[in-house]
Amino acid sequence: MAIVKNDSVIDQEWITLDAEADLPPGEENIIVPLARFKEERETLIGRNGGLGVQLNPGDAPEDLANDLDRLSIITVHFPAYTDGRGYSYARVLRERLGFKGELRAIGDVLRDQILYMHRCGFDAYELKNDDDVSLTKVRAALKEMTVYYQPTGDGRVTAASLRERRRAALKSAS
Amino acid sequence: MYRYDDFDRQLVLERTEQFREQVKRRLSGDITEDQFRPLRLMNGVYLQLHAYMLRVAVPYGTLRADQLRQLGYIARRYDKGYGHFTTRQNIQYNWPKLDEIPDALLDLAKVEMHAIQTSGNCIRNTTTDQYAGAAADEIEDPRPYCELIRQWSTFHPEFTYLPRKFKIAVTGSPNDRAAVKVHDIGLRMHQNDAGEVGFEVIVGGGLGRTPFVGKTVRDFIGKNDLFSYLEAILRVYNRFGRRDNKYKARIKILVHEIGVEEMQRLVEEEWAQIKGGSLRVDDAEIAHYIEQFAPPAFETLSDDDSEFERRKAENREFSNWVRSNVIAHKQPGYAIANVSLKPIGGIPGDATDTQMELVADLSEQYSFGDVRVTHEQNLVLPHVKKADLFSLWAELKNANLATANLGYVTDIISCPGLDYCALATARSIPLSQRISERFSDLDRQHDIGELKIKISGCINACGHHHVGHIGILGLDKRGKEFYQITLGGDASENAEIGKIAGAGFSEAEVVDAIESLVTKYLGIRETGERFIDTYRRVGMDPFKEVLYGDR
């Protein structure tokens, strides 16, 4: 297991709690499922220590709209790589709700999906491989393609806008 | 016609390289078949009964001569000398070897083609009217929008792992030849009260085991807003479509379960948030794409060509072909020529390497190098001078490509069935061949008139049997093939799902059953009625009676 973010392997600094697990007494950084966050919101935001939320398929990222600035991390769980709901959640969080914290893909996260995840706004990936293999995979995946047709808010320039720039340049040159 | 620029070219080359690496990883055992499966599917590579199958995308059914010629070359070089045109306007090769597929993809890339997203739970190849840009009844050429949809949907990062596959079809004509009402999204171009041309958006149509005619979620969306609207629909589907059961995962089930009003509400709510965003396509960009599909350099001609009329009068075979296979063109003096891939007793949609090369040559000679693939598994030369039709016909005839049966009872849609497909429960090709032979007499076919028979070899309905005037579904009953007949289906603007006539027929009985239906129709039709019209007038009972009597 390794977490890759910003071209390096990072430490796991978060404890993920399920619906029932006791809250740790100290200032540990914790991640709770969305349902628990909604139920115990007051307690959770009153704690010291970092707070994050895990989104599972079927959750509504909009439920976090008013609390995003309290969250340092949101994890999006892919129970199987074929369940693509998390891609939409990521775009809603980044592009619509303006979430600026870490957006981490967890679960069945495989090399051949990482570029798509990145394009949708993920910046961290938890892979099942060891550190070196994970880093190599993420690096390879992110540079496999260089042409992008869709504007997704990830900062990559689309083919359409490059074409437009070129047309504009030709026009001003003539 | 659209030409790739360096961005498109680069993207396809990168994809080809990526797949070459993936195949290498598979062949060396680095990845298992299970891990390889989704990767190959996204590149159009299926594992069939006997071999891998490669499905190549023909975006919106439009081919240039050099592309069709290359498809012929690929059939010869990587397959057994033929290819199969499909109901999605694509072409499938049935016998490629896995280790050679990356080379085949590279050969495709050389002519600006690919196999991207011809499978998998993603947005598939967009289909449209095969007569786009040529049809006399067209409001506007839909292909510029199809190309924009192609780009928007290619490697869409959010919509590559949808609940299920997703098919979009567009028609620019009120006479729907693209079956838009039985697609996940159907777009129908029309003019609103203000005189602007835009799209009616139909969602949730589909065939398969639970067929539905799509429902309109929006009467009119302007061209600039089409792409944000599509994105809104796809996002609603990706988030809320069912994923617990593969047979309930298509958008048609979502629309059916929550109702079209709720679907509309969700889509409009989503769209309201994104419509002002970067998916809005401005008029200048649309104009740029329209320009790429500009009409070819038509000559100014009289619509009456005396030579053409003389040939028709003199040659009955030619005039028969004109009667069924030639369609009105919007440009005076020109016509649309359909090339039937349904020779009597042949395999529907199959073409040999040399036939493909010949049609490519003929398209250069007679049709501005433009060829179309139809969802009814035929080819089209869309822009032929009437004065050239006779020479064209003579050359097609020499290659067994001039069967005069377009829209007739032998112009059958058929899936590959159990002869190739791992999902099939019965054979469909041999049945289509026997029906074709039974009705081979051309005068009789003409007398019967338009009659669309569609055959699927399993419930997944790739042969569109639900929308056949007569539909045939091949099933398996305790190890024996039997065939269920549906009546009254229609894929046009008057889309209907056919109704099951009753118990199925054995392989030995089914052709007689079809013939008895046709005989009944001939006996009771009123002047000018097609089979489907008669069925609509009299209903199921008279037909049921000839099939089952007192049974």
# chains A, B, ... in the order shown; residues from 1 in each chain; ligands from 1
>>> closest_atom_pairs(of="chain B", to="chain A", cutoff="10 Å", atoms="only C-alpha atoms", output="tab-separated table")
residue	atom	partner	partner_atom	distance
B:Asp5	CA	A:Arg163	CA	9.3
B:Asp6	CA	A:Ala159	CA	9.6
B:Phe7	CA	A:Val147	CA	6.3
B:Asp8	CA	A:Val147	CA	7.8
B:Arg9	CA	A:Val147	CA	9.5
B:Gln10	CA	A:Val147	CA	7.0
B:Leu11	CA	A:Val147	CA	5.6
B:Val12	CA	A:Val147	CA	9.3
B:Leu13	CA	A:Met145	CA	9.5
B:Glu14	CA	A:Met145	CA	6.1
B:Arg15	CA	A:Met145	CA	7.4
B:Glu17	CA	A:Glu144	CA	9.1
B:Gln18	CA	A:Glu144	CA	7.1
B:Gln22	CA	A:Asp112	CA	9.8
B:Gln35	CA	A:Leu110	CA	9.8
B:Pro38	CA	A:Thr82	CA	9.0
B:Leu39	CA	A:Asp112	CA	8.1
B:Asn121	CA	A:Thr82	CA	8.5
B:Leu148	CA	A:Tyr149	CA	9.6
B:Arg150	CA	A:Tyr149	CA	9.5
B:Gln151	CA	A:Tyr149	CA	5.9
B:Trp152	CA	A:Gln150	CA	5.8
B:Ser153	CA	A:Gln150	CA	8.0
B:Thr154	CA	A:Tyr149	CA	7.2
B:Phe155	CA	A:Tyr149	CA	8.0
B:His156	CA	A:Gln150	CA	6.6
B:Pro157	CA	A:Tyr116	CA	4.4
B:Glu158	CA	A:Tyr87	CA	5.1
B:Phe159	CA	A:Gly84	CA	7.3
B:Thr160	CA	A:Gly84	CA	7.4
B:Tyr161	CA	A:Gly84	CA	4.6
B:Leu162	CA	A:Gly84	CA	5.8
B:Pro163	CA	A:Asp83	CA	7.1
B:Arg164	CA	A:Thr82	CA	9.7
B:Leu234	CA	A:Ser88	CA	9.7
B:Arg235	CA	A:Ser88	CA	6.6
B:Val236	CA	A:Ser88	CA	9.1
B:Tyr237	CA	A:Arg85	CA	9.4
B:Asn238	CA	A:Arg85	CA	5.9
B:Arg239	CA	A:Arg85	CA	5.3
B:Phe240	CA	A:Gly58	CA	7.6
B:Gly241	CA	A:Arg85	CA	9.4
B:Arg243	CA	A:Asp83	CA	7.6
B:Gln273	CA	A:Arg96	CA	8.0
B:Ile274	CA	A:Arg96	CA	8.7
B:Gly277	CA	A:Pro151	CA	9.3
B:Ser278	CA	A:Pro151	CA	6.5
B:Leu279	CA	A:Pro151	CA	7.0
B:Val281	CA	A:Ala160	CA	9.8
B:Ala284	CA	A:Glu164	CA	9.7
B:Glu285	CA	A:Glu164	CA	8.2
>>> residues_around(residues="range 54-56 of chain A", least_positions_apart="5", cutoff="9 Å", atoms="only C-alpha atoms", output="ChimeraX atom specification")
/A:16,31-35,61,73-79,85-86,89
>>> write_last_selection(atoms="C-alpha atoms", output="PDB file, in the first residue's frame")
ATOM      1  CA  THR A  16     -10.158   6.194   8.804  1.00  0.00           C
ATOM      2  CA  ILE A  31     -11.582  10.540   8.306  1.00  0.00           C
ATOM      3  CA  VAL A  32     -15.209   9.520   8.762  1.00  0.00           C
ATOM      4  CA  PRO A  33     -17.827   8.389   6.279  1.00  0.00           C
ATOM      5  CA  LEU A  34     -20.179  11.095   5.066  1.00  0.00           C
ATOM      6  CA  ALA A  35     -23.175   9.581   6.876  1.00  0.00           C
ATOM      7  CA  PRO A  61     -20.835  15.551  -2.379  1.00  0.00           C
ATOM      8  CA  ILE A  73      -9.012  15.834   2.971  1.00  0.00           C
ATOM      9  CA  ILE A  74     -11.819  14.039   1.191  1.00  0.00           C
ATOM     10  CA  THR A  75     -11.321  10.435   0.207  1.00  0.00           C
ATOM     11  CA  VAL A  76     -13.443   8.964  -2.554  1.00  0.00           C
ATOM     12  CA  HIS A  77     -13.876   5.236  -2.385  1.00  0.00           C
ATOM     13  CA  PHE A  78     -13.883   3.135  -5.540  1.00  0.00           C
ATOM     14  CA  PRO A  79     -15.145  -0.287  -4.421  1.00  0.00           C
ATOM     15  CA  ARG A  85     -19.383   7.559  -9.688  1.00  0.00           C
ATOM     16  CA  GLY A  86     -16.340   8.926  -7.887  1.00  0.00           C
ATOM     17  CA  TYR A  89     -18.006  13.473  -7.201  1.00  0.00           C
TER      18      TYR A  89
END
>>> atom_distance(atom1="CA of Gln365 in chain B", atom2="CA of Leu392 in chain B")
9.0 Å
>>> residues_around(residues="Tyr483 in chain B", least_positions_apart="3", cutoff="9 Å", atoms="only C-alpha atoms", output="PyMOL selection string")
chain B and resi 426+457+472-476+503-507+510
>>> write_last_selection(atoms="C-alpha atoms", output="PDB file, in the first residue's frame")
ATOM      1  CA  ALA B 426     -28.923 -19.189 -31.665  1.00  0.00           C
ATOM      2  CA  GLY B 457     -29.295 -14.292 -32.079  1.00  0.00           C
ATOM      3  CA  ILE B 472     -36.898 -12.572 -35.154  1.00  0.00           C
ATOM      4  CA  LEU B 473     -35.197 -13.474 -31.896  1.00  0.00           C
ATOM      5  CA  GLY B 474     -33.166 -16.665 -31.737  1.00  0.00           C
ATOM      6  CA  LEU B 475     -33.289 -18.479 -28.412  1.00  0.00           C
ATOM      7  CA  ASP B 476     -32.159 -21.748 -26.990  1.00  0.00           C
ATOM      8  CA  ALA B 503     -44.771 -19.273 -29.174  1.00  0.00           C
ATOM      9  CA  GLY B 504     -41.480 -19.636 -31.011  1.00  0.00           C
ATOM     10  CA  PHE B 505     -40.799 -21.681 -34.112  1.00  0.00           C
ATOM     11  CA  SER B 506     -38.199 -24.327 -34.759  1.00  0.00           C
ATOM     12  CA  GLU B 507     -35.452 -23.631 -37.214  1.00  0.00           C
ATOM     13  CA  VAL B 510     -39.543 -20.290 -39.129  1.00  0.00           C
TER      14      VAL B 510
END
>>> atom_distance(atom1="CA of Leu396 in chain B", atom2="CA of Phe308 in chain B")
16.6 Å
>>> residues_around(residues="Gln117 in chain B", least_positions_apart="3", cutoff="9 Å", atoms="only C-alpha atoms", output="ChimeraX atom specification")
/B:41-44,57,120-125,154-155,160
>>> write_last_selection(atoms="C-alpha atoms", output="compact mmCIF listing (two decimals), in the first residue's frame")
# COMPACT_ATOMS: atom_id res chain seq x y z
CA LEU B 41 -12.44 -3.63 -24.67
CA MET B 42 -11.79 0.12 -24.63
CA ASN B 43 -9.81 -0.51 -27.81
CA GLY B 44 -12.49 -2.53 -29.52
CA ALA B 57 -15.08 2.85 -35.31
CA GLY B 120 -16.78 -0.85 -22.78
CA ASN B 121 -19.11 1.08 -20.48
CA CYS B 122 -18.36 4.40 -22.09
CA ILE B 123 -19.82 6.67 -24.75
CA ARG B 124 -19.69 4.69 -27.98
CA ASN B 125 -19.35 5.80 -31.57
CA THR B 154 -13.32 10.54 -26.59
CA PHE B 155 -11.53 9.62 -23.35
CA THR B 160 -15.33 6.22 -19.06
>>> select_by_dssp(residues="range 255-313 of chain B", states="alpha helix (DSSP H)", output="PyMOL selection string")
chain B and resi 255-258+260-274+283-292+306-313
>>> write_last_selection(atoms="N, CA and C atoms", output="short mmCIF file (atom, residue, chain, number, x, y, z; two decimals), in the first residue's frame")
data_model
loop_
_atom_site.label_atom_id
_atom_site.label_comp_id
_atom_site.auth_asym_id
_atom_site.auth_seq_id
_atom_site.Cartn_x
_atom_site.Cartn_y
_atom_site.Cartn_z
N VAL B 255 -34.56 6.15 -16.45
CA VAL B 255 -35.67 6.99 -16.89
C VAL B 255 -37.00 6.30 -16.57
N HIS B 256 -37.05 5.01 -16.80
CA HIS B 256 -38.28 4.26 -16.55
C HIS B 256 -38.62 4.25 -15.04
N GLU B 257 -37.60 4.06 -14.22
CA GLU B 257 -37.86 3.93 -12.78
C GLU B 257 -38.19 5.25 -12.10
N ILE B 258 -37.48 6.32 -12.47
CA ILE B 258 -37.76 7.59 -11.79
C ILE B 258 -38.79 8.43 -12.56
N VAL B 260 -39.91 10.27 -16.50
CA VAL B 260 -39.24 11.25 -17.36
C VAL B 260 -39.26 12.65 -16.73
N GLU B 261 -40.30 12.95 -15.94
CA GLU B 261 -40.35 14.30 -15.31
C GLU B 261 -39.21 14.46 -14.31
N GLU B 262 -38.99 13.44 -13.51
CA GLU B 262 -37.91 13.51 -12.52
C GLU B 262 -36.55 13.56 -13.24
N MET B 263 -36.42 12.79 -14.29
CA MET B 263 -35.19 12.81 -15.08
C MET B 263 -34.94 14.22 -15.61
N GLN B 264 -36.00 14.78 -16.13
CA GLN B 264 -35.93 16.14 -16.67
C GLN B 264 -35.49 17.12 -15.58
N ARG B 265 -36.07 16.98 -14.41
CA ARG B 265 -35.75 17.88 -13.30
C ARG B 265 -34.26 17.76 -12.93
N LEU B 266 -33.79 16.51 -12.82
CA LEU B 266 -32.38 16.30 -12.45
C LEU B 266 -31.45 16.89 -13.51
N VAL B 267 -31.79 16.65 -14.77
CA VAL B 267 -30.92 17.12 -15.86
C VAL B 267 -30.92 18.65 -15.91
N GLU B 268 -32.09 19.23 -15.81
CA GLU B 268 -32.17 20.70 -15.89
C GLU B 268 -31.43 21.34 -14.71
N GLU B 269 -31.56 20.72 -13.54
CA GLU B 269 -30.89 21.25 -12.36
C GLU B 269 -29.37 21.19 -12.53
N GLU B 270 -28.90 20.08 -13.06
CA GLU B 270 -27.47 19.94 -13.30
C GLU B 270 -27.03 20.92 -14.39
N TRP B 271 -27.81 21.00 -15.43
CA TRP B 271 -27.42 21.84 -16.57
C TRP B 271 -27.36 23.31 -16.15
N ALA B 272 -28.30 23.71 -15.29
CA ALA B 272 -28.32 25.11 -14.84
C ALA B 272 -26.97 25.50 -14.24
N GLN B 273 -26.28 24.53 -13.66
CA GLN B 273 -25.00 24.82 -13.00
C GLN B 273 -23.83 24.90 -13.97
N ILE B 274 -23.97 24.27 -15.12
CA ILE B 274 -22.79 24.19 -16.00
C ILE B 274 -22.99 24.87 -17.35
N ASP B 283 -20.43 30.33 -31.85
CA ASP B 283 -20.81 30.22 -33.25
C ASP B 283 -19.61 30.07 -34.17
N ALA B 284 -18.52 30.76 -33.81
CA ALA B 284 -17.34 30.71 -34.68
C ALA B 284 -16.78 29.29 -34.73
N GLU B 285 -16.77 28.62 -33.59
CA GLU B 285 -16.24 27.26 -33.58
C GLU B 285 -17.17 26.31 -34.35
N ILE B 286 -18.46 26.49 -34.15
CA ILE B 286 -19.41 25.66 -34.90
C ILE B 286 -19.22 25.88 -36.40
N ALA B 287 -19.07 27.15 -36.76
CA ALA B 287 -18.88 27.47 -38.18
C ALA B 287 -17.64 26.76 -38.74
N HIS B 288 -16.61 26.69 -37.90
CA HIS B 288 -15.37 26.02 -38.30
C HIS B 288 -15.63 24.55 -38.64
N TYR B 289 -16.48 23.89 -37.85
CA TYR B 289 -16.79 22.48 -38.11
C TYR B 289 -17.74 22.32 -39.30
N ILE B 290 -18.67 23.26 -39.42
CA ILE B 290 -19.59 23.19 -40.56
C ILE B 290 -18.80 23.29 -41.87
N GLU B 291 -17.80 24.17 -41.83
CA GLU B 291 -16.95 24.37 -43.01
C GLU B 291 -16.25 23.06 -43.41
N GLN B 292 -15.88 22.27 -42.41
CA GLN B 292 -15.16 21.03 -42.71
C GLN B 292 -16.06 19.99 -43.38
N SER B 306 -31.25 12.99 -69.75
CA SER B 306 -31.94 12.18 -70.77
C SER B 306 -31.25 10.83 -70.94
N GLU B 307 -29.94 10.82 -70.81
CA GLU B 307 -29.18 9.57 -70.93
C GLU B 307 -29.61 8.60 -69.82
N PHE B 308 -29.74 9.12 -68.62
CA PHE B 308 -30.18 8.32 -67.47
C PHE B 308 -31.57 7.75 -67.73
N GLU B 309 -32.46 8.60 -68.24
CA GLU B 309 -33.82 8.15 -68.51
C GLU B 309 -33.83 7.07 -69.60
N ARG B 310 -32.98 7.27 -70.61
CA ARG B 310 -32.93 6.30 -71.70
C ARG B 310 -32.45 4.93 -71.17
N ARG B 311 -31.40 4.95 -70.36
CA ARG B 311 -30.86 3.70 -69.81
C ARG B 311 -31.92 2.97 -68.98
N LYS B 312 -32.66 3.74 -68.20
CA LYS B 312 -33.71 3.12 -67.38
C LYS B 312 -34.76 2.45 -68.26
N ALA B 313 -35.12 3.17 -69.32
CA ALA B 313 -36.15 2.64 -70.20
C ALA B 313 -35.68 1.38 -70.91
#
>>> residues_around(residues="Ala51 in chain B", least_positions_apart="3", cutoff="12 Å", atoms="only C-alpha atoms", output="ChimeraX atom specification")
/B:45-48,54,79,93-98,419-422
>>> write_last_selection(atoms="C-alpha atoms", output="CSV table (one decimal), in the first residue's frame")
chain,number,residue,atom,x,y,z
B,45,VAL,CA,-11.0,-6.0,-28.9
B,46,TYR,CA,-13.4,-8.7,-28.0
B,47,LEU,CA,-12.9,-12.3,-27.3
B,48,GLN,CA,-15.4,-14.2,-29.3
B,54,LEU,CA,-11.6,-6.2,-33.6
B,79,ASP,CA,-8.1,-11.2,-41.3
B,93,TYR,CA,-12.9,-8.1,-38.2
B,94,ASN,CA,-13.5,-11.6,-36.9
B,95,TRP,CA,-10.1,-13.3,-37.1
B,96,PRO,CA,-7.2,-10.9,-36.1
B,97,LYS,CA,-4.4,-12.3,-33.9
B,98,LEU,CA,-3.8,-10.5,-30.7
B,419,ASP,CA,-21.5,-18.5,-35.7
B,420,TYR,CA,-19.2,-16.0,-34.1
B,421,CYS,CA,-20.6,-14.4,-30.9
B,422,ALA,CA,-20.0,-15.8,-27.4
